[in-house]
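Student: One structure, pasted below without further comment.
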Amino acid sequence: MTPVHRIAVLALEGVPPFELGIPSRVFGNAFDEAGKPLYEVTVCTADGAPVTSDAGFTIGVRAGAEALAAADTVVVPPTHAMDGLMRGAPLPPELRDALAGIRPGTRIVSICTGSTVLAAAGMLDGRRATTHWVHAPEFQRAFPLVKLDEEVLFVDDGDILTSAGVAAGVDLCLYLIRGDHGTAVANRAARLCVVPPWRDGGQAQYIDRPVPEPTLATTTATRAWALERLAEPIALAELAAHARMSLRTFTRRFRDEVGMTPVQWLTGQRLEVARHLLESSDLPVDLVAHRSGFGSANSLRQHMRTALGVSPIAYRRTFQPDAAAARP
């Protein structure tokens, strides 16, 4: 039986309730095949005392720093009460001590400006990270040792992962579930939360992108059409023709709506299909490549190494340990 993964969510003074609730909501919807929870989520504070949310109500918790010390994953949501950290203010002593008590090897995750707390604690020095794009310039000035990437939804830097604002925290939690337990579990959690099951961490944050006017044609129907034909070659001109737009208009409209180019989106969707097949079947890699639209095993290998840093067979073994003799 899969052991329950312990997650501690650190509630800080001034925490937004929505972001605080993301880990409990997303990880709480991850179950094994028998319907048993795969994660145990505990909300705590640095000293076990209540904190006040930025909505004005008090949040009572049942745990303090001991929950951080016992956790397999620690999640730090944002807080507006810590804005002084970007102006050189020190961490409160109880928070500093609580963070220092986290066991080595614990996975640490921040949502939105929770990255500020990690940076102030020195945890992000020399590492890649992201934060909400609005706060990126100030963050970079305050923490110049951090390799900040303000353009992406989230950054996976091994045992420390950081996400951009609000909904990107949902994306990162689903990404963690997918890495821990596979696509099927993550997709089910996403469906229960009624959110998209997958947005690549490298997808751009939505910075000053206007919502298309209701009177304008969208690419939604064309995306649905393409998803039904991922195993087939799909040219950009075909997508534009289906949407009844010129190539230039379609490409611009698609990027406005999705945040990436049509080719990037197609590759991401095909990778998702390939990952699911590798996790849930014993199909030869050649056939997985064909069914996911990559055409050849070599093409699939190249895309997986670029996106995930592993080969198809190595990825399969992560989710199917008995697949050591899997067919190439």
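Just so we're on the same page: first chain in the structure tokens is A, next is B, and so on; residues restart at 1 for each chain, and ligands are numbered from 1 in the order they show up.
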As a list in words, please: every residue in stretch 97-215 of chain A that a backbone DSSP assignment puts in strand (DSSP E or B).
Tutor: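 Taking stretch 97-215 of chain A and keeping strand (DSSP E or B) gives Arg107, Ile108, Val109, Ser110, Arg128, Ala129, Lys147, Leu148, Val152, Phe154, Val155, Asp156, Asp157, Ile160, Leu161, Thr162, Ser163 and Ala204 of chain A.
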Student: If we count only C-alpha atoms and set the cut-off at 10 Å, which residues sit around stretch 128-143 of chain A, ignoring sequence neighbours fewer than 4 positions away in its own chain? Please answer as a VMD selection string.
Tutor: chain A and resid 78 83 85 to 88 110 to 116 119 to 120 122 124 147 to 158 160 to 166 168 205 to 207
Student: Measuring atom to atom with only C-alpha atoms, identify which of A:Thr306, A:Thr318, A:Thr219, A:Thr58 is nearest to A:Arg178.
Tutor: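 For A:Arg178, the nearest of the given residues is A:Thr318.
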Student: Enter the distance from atom CA of A:Gly60 to atom CA of A:Leu95, in Å, rounded to one decimal.
Tutor: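 Distance reported for this atom pair: 16.9 Å.
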Student: Extract the full set of helix (DSSP H, G or I) residues from stretch 96-210 of chain A according to DSSP on the backbone, and format it as a PyMOL selection string.
Tutor: chain A and resi 96-100+114-120+133-142+167-181+183-193
